[in-house]
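These notes are about the structure you will find just below.
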Amino acid sequence: MPGKNPPVRSEEGSYVSYVIGIDLGGTKIIAALADENGRILGRATAETRAHEGAEKGLERIASTVEAAALAAGLGPRGAAAIGIGSPGPLDIRRGMILDAPNLKWKQVPLRDWLVQRFGRPVVLTNDCKAGGLGELRYGAGRGAREMVYFGIGTGVGGAVIQNGQITYGHTLNAGEIGHIVVDLDGPDCACGAQGCLEAIASGAGIGRAGERLAREAAARGAALTEETPGARLLRLVDGDPTKVHGGHVAQAAAAGDPGAQAIMMRAARAIGAAAGSMMNALGPEVVVIGGGVMAKNAEAFLPVIQEVAARVALPGCGAPVKLAALGEESVVMGAIALALDLAKGQG
Ligand SMILES: [Zn+2]
């Protein structure tokens, strides 16, 4: 039912009635229709079921969009534009998923498929970049033009926002904040380097450090006491270090395990060091930290991140560090922001 919402005049003078934003996640798809102020008109979610393959996945994206449109009482083909945030690595220029490890999809022409399906212009970006833009326009970075975003989850992603837009750089791959090296002699990273922020501060990195700690504790055998670093962690996994995940480390730290506490504090300090370094390099107005691991550990992490970042930032380079405000909505809101920019001719 296009026309139910009369077109409204945008600040820039073009006419945009509504757009569609999509968050393609490893486990969940979120689609939403929004007006030109980013107000949600209709929303729908579905499981991604990535293991069923890209073809079925694309159909599920389309049906989630249709369900969101139905909830809004509007037709998807009446949208001014569609934005989508997807796990990478992507080829932004060709609008393709190249080889996304957490979807196990390869060479998927996501943008063109959506263009064909809905007959509307489509813009694709990485999920973390969309998350950063969402926080800038509608969340913790509201009002800023220069921002750095960290997404601390199973992995670590991020976004550099300059002059209100996502920075892609000459390579179109800028903003890979998770692979800033914070410890030259640190643990191996999935990317092949050593001591990346992701290897130390991601949920997966925290889990691997926890597994090492639990092995060391287990090796003590009879000498193990309640106060031994890793003892409480080992008990949480019934004595089996291979079962340790990031969440166990956080739980053991909260219960007073000094070894687990050291792993968590190292993660927070690494984020702080990277945040302060980004302040020195880019001069943002604000640094926003989001992602599931950050949300779960915000109380313990944020003061440490702020303290270390302030110490690393040079005089005249400091910026406030804030917690993300949109939770799991940040990616879909960023996709909406991108669609609005595209519709207004700024994408
Ligand atoms: Zn790395």
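We label chains A, B, ... in the order they appear in the structure tokens, count residues from 1 in each chain, and number ligands from 1 in the order shown.
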
Mind checking DSSP for range 122-338 of chain A and telling me the strand (DSSP E) residues as JSON, numbers by chain?
{"A": [122, 123, 124, 125, 126, 147, 148, 149, 150, 151, 152, 156, 157, 158, 159, 160, 161, 162, 165, 166, 286, 287, 288, 289, 290, 321, 322, 323]}

Could the residues of chain A that have an atom at most 6 Å from ligand 1 be listed as CSV, each with its closest atom pair and the distance in Å to one decimal, counting only C-alpha atoms and all ligand atoms and ordered by chain and ascending residue number?
residue,atom,partner,partner_atom_place_in_ligand_line,distance
A:His179,CA,ligand 1,1 (Zn),4.1
A:Cys189,CA,ligand 1,1 (Zn),4.6
A:Ala190,CA,ligand 1,1 (Zn),5.9
A:Cys191,CA,ligand 1,1 (Zn),4.3
A:Ala193,CA,ligand 1,1 (Zn),5.3
A:Cys196,CA,ligand 1,1 (Zn),4.6

Nearby residues (only C-alpha atoms) at most 8 Å from range 98-104 of chain A, same-chain spacing under 2 positions excluded, as a VMD selection string:
chain A and resid 26 50 to 51 53 87 to 91 96 106 to 108

Within 12 Å of Phe118 in chain A, counting only C-alpha atoms, which residues show up once you throw out same-chain ones fewer than 6 positions away? Write them as a PDB file with all heavy atoms, in the first residue's frame, please.
ATOM      1  N   ILE A  20      14.108   0.618   3.857  1.00  0.00           N
ATOM      2  CA  ILE A  20      14.191  -0.685   4.520  1.00  0.00           C
ATOM      3  C   ILE A  20      15.634  -0.913   4.973  1.00  0.00           C
ATOM      4  O   ILE A  20      16.575  -0.642   4.216  1.00  0.00           O
ATOM      5  CB  ILE A  20      13.752  -1.819   3.561  1.00  0.00           C
ATOM      6  CG1 ILE A  20      12.257  -1.677   3.235  1.00  0.00           C
ATOM      7  CG2 ILE A  20      14.058  -3.201   4.163  1.00  0.00           C
ATOM      8  CD1 ILE A  20      11.789  -2.571   2.096  1.00  0.00           C
ATOM      9  N   GLU A  59      16.272 -16.160   0.204  1.00  0.00           N
ATOM     10  CA  GLU A  59      14.802 -16.191   0.243  1.00  0.00           C
ATOM     11  C   GLU A  59      14.282 -15.814   1.629  1.00  0.00           C
ATOM     12  O   GLU A  59      13.250 -15.150   1.754  1.00  0.00           O
ATOM     13  CB  GLU A  59      14.284 -17.580  -0.154  1.00  0.00           C
ATOM     14  CG  GLU A  59      14.370 -17.869  -1.643  1.00  0.00           C
ATOM     15  CD  GLU A  59      13.532 -16.910  -2.512  1.00  0.00           C
ATOM     16  OE1 GLU A  59      12.545 -16.335  -1.999  1.00  0.00           O
ATOM     17  OE2 GLU A  59      13.882 -16.728  -3.687  1.00  0.00           O
ATOM     18  N   ILE A  61      15.798 -13.828   3.752  1.00  0.00           N
ATOM     19  CA  ILE A  61      15.961 -12.373   3.879  1.00  0.00           C
ATOM     20  C   ILE A  61      14.760 -11.678   3.236  1.00  0.00           C
ATOM     21  O   ILE A  61      14.135 -10.795   3.826  1.00  0.00           O
ATOM     22  CB  ILE A  61      17.278 -11.898   3.211  1.00  0.00           C
ATOM     23  CG1 ILE A  61      18.492 -12.455   3.967  1.00  0.00           C
ATOM     24  CG2 ILE A  61      17.341 -10.368   3.167  1.00  0.00           C
ATOM     25  CD1 ILE A  61      19.815 -12.267   3.211  1.00  0.00           C
ATOM     26  N   ALA A  62      14.415 -12.114   2.021  1.00  0.00           N
ATOM     27  CA  ALA A  62      13.300 -11.493   1.298  1.00  0.00           C
ATOM     28  C   ALA A  62      11.990 -11.651   2.064  1.00  0.00           C
ATOM     29  O   ALA A  62      11.213 -10.693   2.190  1.00  0.00           O
ATOM     30  CB  ALA A  62      13.179 -12.101  -0.098  1.00  0.00           C
ATOM     31  N   SER A  63      11.755 -12.854   2.623  1.00  0.00           N
ATOM     32  CA  SER A  63      10.475 -13.039   3.324  1.00  0.00           C
ATOM     33  C   SER A  63      10.457 -12.250   4.634  1.00  0.00           C
ATOM     34  O   SER A  63       9.393 -11.802   5.075  1.00  0.00           O
ATOM     35  CB  SER A  63      10.172 -14.521   3.542  1.00  0.00           C
ATOM     36  OG  SER A  63      11.188 -15.120   4.303  1.00  0.00           O
ATOM     37  N   VAL A  65      11.908  -9.287   4.989  1.00  0.00           N
ATOM     38  CA  VAL A  65      11.593  -7.925   4.518  1.00  0.00           C
ATOM     39  C   VAL A  65      10.097  -7.804   4.271  1.00  0.00           C
ATOM     40  O   VAL A  65       9.448  -6.817   4.681  1.00  0.00           O
ATOM     41  CB  VAL A  65      12.395  -7.604   3.223  1.00  0.00           C
ATOM     42  CG1 VAL A  65      11.844  -6.363   2.537  1.00  0.00           C
ATOM     43  CG2 VAL A  65      13.874  -7.440   3.559  1.00  0.00           C
ATOM     44  N   GLU A  66       9.520  -8.811   3.617  1.00  0.00           N
ATOM     45  CA  GLU A  66       8.082  -8.762   3.319  1.00  0.00           C
ATOM     46  C   GLU A  66       7.250  -8.752   4.602  1.00  0.00           C
ATOM     47  O   GLU A  66       6.252  -8.035   4.696  1.00  0.00           O
ATOM     48  CB  GLU A  66       7.699  -9.930   2.406  1.00  0.00           C
ATOM     49  CG  GLU A  66       8.018  -9.613   0.947  1.00  0.00           C
ATOM     50  CD  GLU A  66       8.296 -10.847   0.091  1.00  0.00           C
ATOM     51  OE1 GLU A  66       8.092 -11.983   0.579  1.00  0.00           O
ATOM     52  OE2 GLU A  66       8.725 -10.656  -1.065  1.00  0.00           O
ATOM     53  N   ALA A  69       7.404  -5.320   6.067  1.00  0.00           N
ATOM     54  CA  ALA A  69       6.558  -4.412   5.282  1.00  0.00           C
ATOM     55  C   ALA A  69       5.086  -4.623   5.632  1.00  0.00           C
ATOM     56  O   ALA A  69       4.329  -3.658   5.801  1.00  0.00           O
ATOM     57  CB  ALA A  69       6.804  -4.634   3.788  1.00  0.00           C
ATOM     58  N   GLY A  75       4.222  -1.601   1.128  1.00  0.00           N
ATOM     59  CA  GLY A  75       4.831  -2.560   0.198  1.00  0.00           C
ATOM     60  C   GLY A  75       6.330  -2.364   0.137  1.00  0.00           C
ATOM     61  O   GLY A  75       6.809  -1.233   0.112  1.00  0.00           O
ATOM     62  N   PRO A  76       7.112  -3.472   0.130  1.00  0.00           N
ATOM     63  CA  PRO A  76       8.569  -3.313   0.058  1.00  0.00           C
ATOM     64  C   PRO A  76       9.026  -2.610  -1.215  1.00  0.00           C
ATOM     65  O   PRO A  76      10.036  -1.905  -1.214  1.00  0.00           O
ATOM     66  CB  PRO A  76       9.096  -4.753   0.122  1.00  0.00           C
ATOM     67  CG  PRO A  76       7.929  -5.648  -0.094  1.00  0.00           C
ATOM     68  CD  PRO A  76       6.701  -4.871   0.249  1.00  0.00           C
ATOM     69  N   ARG A  77       8.251  -2.754  -2.294  1.00  0.00           N
ATOM     70  CA  ARG A  77       8.649  -2.122  -3.551  1.00  0.00           C
ATOM     71  C   ARG A  77       8.384  -0.614  -3.560  1.00  0.00           C
ATOM     72  O   ARG A  77       8.777   0.078  -4.496  1.00  0.00           O
ATOM     73  CB  ARG A  77       7.941  -2.797  -4.729  1.00  0.00           C
ATOM     74  CG  ARG A  77       8.528  -4.165  -5.006  1.00  0.00           C
ATOM     75  CD  ARG A  77       7.774  -4.917  -6.080  1.00  0.00           C
ATOM     76  NE  ARG A  77       8.550  -6.087  -6.486  1.00  0.00           N
ATOM     77  CZ  ARG A  77       9.453  -6.073  -7.454  1.00  0.00           C
ATOM     78  NH1 ARG A  77       9.690  -4.973  -8.152  1.00  0.00           N
ATOM     79  NH2 ARG A  77      10.141  -7.166  -7.739  1.00  0.00           N
ATOM     80  N   GLY A  78       7.715  -0.115  -2.517  1.00  0.00           N
ATOM     81  CA  GLY A  78       7.518   1.322  -2.404  1.00  0.00           C
ATOM     82  C   GLY A  78       8.640   2.008  -1.632  1.00  0.00           C
ATOM     83  O   GLY A  78       8.660   3.229  -1.504  1.00  0.00           O
ATOM     84  N   ALA A  79       9.589   1.223  -1.110  1.00  0.00           N
ATOM     85  CA  ALA A  79      10.682   1.823  -0.335  1.00  0.00           C
ATOM     86  C   ALA A  79      11.591   2.648  -1.238  1.00  0.00           C
ATOM     87  O   ALA A  79      11.805   2.293  -2.399  1.00  0.00           O
ATOM     88  CB  ALA A  79      11.484   0.730   0.363  1.00  0.00           C
ATOM     89  N   ALA A  80      12.123   3.734  -0.695  1.00  0.00           N
ATOM     90  CA  ALA A  80      13.022   4.581  -1.481  1.00  0.00           C
ATOM     91  C   ALA A  80      14.362   3.880  -1.708  1.00  0.00           C
ATOM     92  O   ALA A  80      14.984   4.061  -2.754  1.00  0.00           O
ATOM     93  CB  ALA A  80      13.233   5.915  -0.777  1.00  0.00           C
ATOM     94  N   ALA A  81      14.804   3.081  -0.741  1.00  0.00           N
ATOM     95  CA  ALA A  81      16.064   2.346  -0.876  1.00  0.00           C
ATOM     96  C   ALA A  81      16.124   1.272   0.203  1.00  0.00           C
ATOM     97  O   ALA A  81      15.352   1.299   1.168  1.00  0.00           O
ATOM     98  CB  ALA A  81      17.263   3.284  -0.744  1.00  0.00           C
ATOM     99  N   ILE A  82      17.047   0.343   0.009  1.00  0.00           N
ATOM    100  CA  ILE A  82      17.257  -0.734   0.973  1.00  0.00           C
ATOM    101  C   ILE A  82      18.723  -0.732   1.396  1.00  0.00           C
ATOM    102  O   ILE A  82      19.609  -0.626   0.543  1.00  0.00           O
ATOM    103  CB  ILE A  82      16.901  -2.113   0.347  1.00  0.00           C
ATOM    104  CG1 ILE A  82      15.428  -2.141  -0.064  1.00  0.00           C
ATOM    105  CG2 ILE A  82      17.233  -3.254   1.309  1.00  0.00           C
ATOM    106  CD1 ILE A  82      15.021  -3.387  -0.869  1.00  0.00           C
ATOM    107  N   ARG A 111      23.808  -7.784  -2.985  1.00  0.00           N
ATOM    108  CA  ARG A 111      23.200  -6.513  -3.393  1.00  0.00           C
ATOM    109  C   ARG A 111      22.352  -6.687  -4.650  1.00  0.00           C
ATOM    110  O   ARG A 111      21.178  -6.302  -4.675  1.00  0.00           O
ATOM    111  CB  ARG A 111      24.294  -5.457  -3.635  1.00  0.00           C
ATOM    112  CG  ARG A 111      23.725  -4.079  -3.973  1.00  0.00           C
ATOM    113  CD  ARG A 111      24.828  -3.109  -4.349  1.00  0.00           C
ATOM    114  NE  ARG A 111      25.519  -3.554  -5.552  1.00  0.00           N
ATOM    115  CZ  ARG A 111      26.740  -3.152  -5.907  1.00  0.00           C
ATOM    116  NH1 ARG A 111      27.411  -2.296  -5.154  1.00  0.00           N
ATOM    117  NH2 ARG A 111      27.292  -3.593  -7.016  1.00  0.00           N
ATOM    118  N   ASP A 112      22.927  -7.290  -5.671  1.00  0.00           N
ATOM    119  CA  ASP A 112      22.205  -7.392  -6.944  1.00  0.00           C
ATOM    120  C   ASP A 112      20.982  -8.304  -6.836  1.00  0.00           C
ATOM    121  O   ASP A 112      19.971  -8.084  -7.495  1.00  0.00           O
ATOM    122  CB  ASP A 112      23.148  -7.873  -8.053  1.00  0.00           C
ATOM    123  CG  ASP A 112      24.172  -6.796  -8.403  1.00  0.00           C
ATOM    124  OD1 ASP A 112      24.040  -5.665  -7.881  1.00  0.00           O
ATOM    125  OD2 ASP A 112      25.103  -7.085  -9.175  1.00  0.00           O
TER     126      ASP A 112
END

Who sits within 10 Å of Ala337 in chain A, only C-alpha atoms, same chain under 5 positions skipped, as an NGL selection string:
:A and (19-21 or 34 or 36-38 or 82-83 or 130 or 133-134 or 136-138 or 165 or 331-332 or 342-343 or 347)

Surrounding residues of range 152-156 of chain A excluding itself and chain neighbours under 4 positions, 9 Å, only C-alpha atoms, as a VMD selection string
chain A and resid 128 176 to 179 197 to 199 201 to 205 246 271 289 to 295

Across A:Leu110, A:Ala218, A:Ile166, A:Ala313, the smallest distance to Glu55 in chain A, with only C-alpha atoms counted, is shown by A:Leu110

Env of Ala217 in chain A: 8 Å cut, atoms = only C-alpha atoms, seq-sep filter 4 positions within chain, self excluded. Answer as a list in words.
Leu213, Gly221, Leu224, Thr228, Pro229, Gly230, Ala231 and Leu234 of chain A

Atoms to include: all heavy atoms. Write the selected residues as a PDB file, in the first residue's frame.
ATOM      1  N   LEU A 213      44.447 -21.091  30.946  1.00  0.00           N
ATOM      2  CA  LEU A 213      44.458 -20.941  32.410  1.00  0.00           C
ATOM      3  C   LEU A 213      43.939 -22.202  33.099  1.00  0.00           C
ATOM      4  O   LEU A 213      44.537 -22.686  34.079  1.00  0.00           O
ATOM      5  CB  LEU A 213      43.602 -19.726  32.798  1.00  0.00           C
ATOM      6  CG  LEU A 213      43.369 -19.517  34.297  1.00  0.00           C
ATOM      7  CD1 LEU A 213      44.671 -19.127  34.991  1.00  0.00           C
ATOM      8  CD2 LEU A 213      42.304 -18.443  34.530  1.00  0.00           C
ATOM      9  N   GLY A 221      47.139 -30.471  39.787  1.00  0.00           N
ATOM     10  CA  GLY A 221      46.643 -31.682  40.448  1.00  0.00           C
ATOM     11  C   GLY A 221      46.309 -31.445  41.906  1.00  0.00           C
ATOM     12  O   GLY A 221      45.539 -30.551  42.246  1.00  0.00           O
ATOM     13  N   LEU A 224      46.278 -28.032  43.866  1.00  0.00           N
ATOM     14  CA  LEU A 224      45.265 -27.029  43.541  1.00  0.00           C
ATOM     15  C   LEU A 224      44.443 -26.656  44.773  1.00  0.00           C
ATOM     16  O   LEU A 224      43.901 -27.529  45.440  1.00  0.00           O
ATOM     17  CB  LEU A 224      44.343 -27.609  42.458  1.00  0.00           C
ATOM     18  CG  LEU A 224      43.428 -26.634  41.712  1.00  0.00           C
ATOM     19  CD1 LEU A 224      44.240 -25.658  40.874  1.00  0.00           C
ATOM     20  CD2 LEU A 224      42.481 -27.412  40.815  1.00  0.00           C
ATOM     21  N   THR A 228      43.960 -20.872  43.957  1.00  0.00           N
ATOM     22  CA  THR A 228      44.836 -20.987  42.791  1.00  0.00           C
ATOM     23  C   THR A 228      44.168 -20.315  41.591  1.00  0.00           C
ATOM     24  O   THR A 228      42.986 -20.567  41.333  1.00  0.00           O
ATOM     25  CB  THR A 228      45.074 -22.473  42.433  1.00  0.00           C
ATOM     26  OG1 THR A 228      45.493 -23.154  43.607  1.00  0.00           O
ATOM     27  CG2 THR A 228      46.136 -22.615  41.354  1.00  0.00           C
ATOM     28  N   PRO A 229      44.912 -19.470  40.868  1.00  0.00           N
ATOM     29  CA  PRO A 229      44.323 -18.884  39.659  1.00  0.00           C
ATOM     30  C   PRO A 229      43.825 -19.992  38.725  1.00  0.00           C
ATOM     31  O   PRO A 229      44.560 -20.933  38.436  1.00  0.00           O
ATOM     32  CB  PRO A 229      45.487 -18.109  39.029  1.00  0.00           C
ATOM     33  CG  PRO A 229      46.401 -17.798  40.172  1.00  0.00           C
ATOM     34  CD  PRO A 229      46.275 -18.980  41.112  1.00  0.00           C
ATOM     35  N   GLY A 230      42.582 -19.888  38.282  1.00  0.00           N
ATOM     36  CA  GLY A 230      42.008 -20.884  37.373  1.00  0.00           C
ATOM     37  C   GLY A 230      41.219 -21.973  38.072  1.00  0.00           C
ATOM     38  O   GLY A 230      40.500 -22.727  37.405  1.00  0.00           O
ATOM     39  N   ALA A 231      41.315 -22.069  39.412  1.00  0.00           N
ATOM     40  CA  ALA A 231      40.631 -23.156  40.126  1.00  0.00           C
ATOM     41  C   ALA A 231      39.113 -23.033  39.996  1.00  0.00           C
ATOM     42  O   ALA A 231      38.420 -24.009  39.705  1.00  0.00           O
ATOM     43  CB  ALA A 231      41.048 -23.160  41.595  1.00  0.00           C
ATOM     44  N   LEU A 234      38.050 -23.768  36.427  1.00  0.00           N
ATOM     45  CA  LEU A 234      38.101 -25.209  36.143  1.00  0.00           C
ATOM     46  C   LEU A 234      36.871 -25.915  36.698  1.00  0.00           C
ATOM     47  O   LEU A 234      36.316 -26.829  36.084  1.00  0.00           O
ATOM     48  CB  LEU A 234      39.385 -25.791  36.741  1.00  0.00           C
ATOM     49  CG  LEU A 234      39.769 -27.209  36.326  1.00  0.00           C
ATOM     50  CD1 LEU A 234      39.995 -27.319  34.828  1.00  0.00           C
ATOM     51  CD2 LEU A 234      41.043 -27.652  37.075  1.00  0.00           C
TER      52      LEU A 234
END

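Take the candidates A:Arg266, A:Thr167, A:Glu307, A:Val122 and check each one against Asp183 in chain A using only C-alpha atoms; the shortest distance goes to A:Arg266.
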
Which residue is closest to Thr64 in chain A? Choose from A:Gly42, A:Gly334, A:Pro109, A:Gly151 and count only C-alpha atoms.
A:Gly42

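As for CA of Val321 in chain A and CA of Phe301 in chain A, they are spaced 11.3 Å apart.
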
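Of the residues listed (A:Asp127, A:Glu226, A:Glu47, A:Asp240), A:Glu47 shows the shortest atom-to-atom separation from Arg60 in chain A; distances use only C-alpha atoms.
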
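Here the residues within range 52-82 of chain A that DSSP labels alpha helix (DSSP H) on the basis of the backbone are Ala54, Glu55, Lys56, Gly57, Leu58, Glu59, Arg60, Ile61, Ala62, Ser63, Thr64, Val65, Glu66, Ala67, Ala68, Ala69, Leu70, Ala71 and Ala72 of chain A.
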
Go ahead and write the residues just picked, C-alpha atoms, as a CSV table (one decimal), in the first residue's frame.
chain,number,residue,atom,x,y,z
A,54,ALA,CA,22.9,-19.0,0.5
A,55,GLU,CA,20.0,-19.6,-1.9
A,56,LYS,CA,17.5,-20.4,0.9
A,57,GLY,CA,19.2,-17.7,3.0
A,58,LEU,CA,18.4,-15.1,0.4
A,59,GLU,CA,14.8,-16.2,0.2
A,60,ARG,CA,14.6,-15.9,4.0
A,61,ILE,CA,16.0,-12.4,3.9
A,62,ALA,CA,13.3,-11.5,1.3
A,63,SER,CA,10.5,-13.0,3.3
A,64,THR,CA,11.7,-11.2,6.5
A,65,VAL,CA,11.6,-7.9,4.5
A,66,GLU,CA,8.1,-8.8,3.3
A,67,ALA,CA,7.0,-9.5,6.9
A,68,ALA,CA,8.4,-6.2,8.1
A,69,ALA,CA,6.6,-4.4,5.3
A,70,LEU,CA,3.3,-6.2,6.1
A,71,ALA,CA,3.7,-5.2,9.8
A,72,ALA,CA,4.0,-1.5,8.6

Residue with smallest distance to Leu33 in chain A - pool A:Gln306, A:Thr48, A:Ser17, A:Asn173, counting only C-alpha atoms:
A:Ser17

So how many Å separate CA of Ala339 in chain A and CA of Thr27 in chain A, to one decimal?
22.9 Å
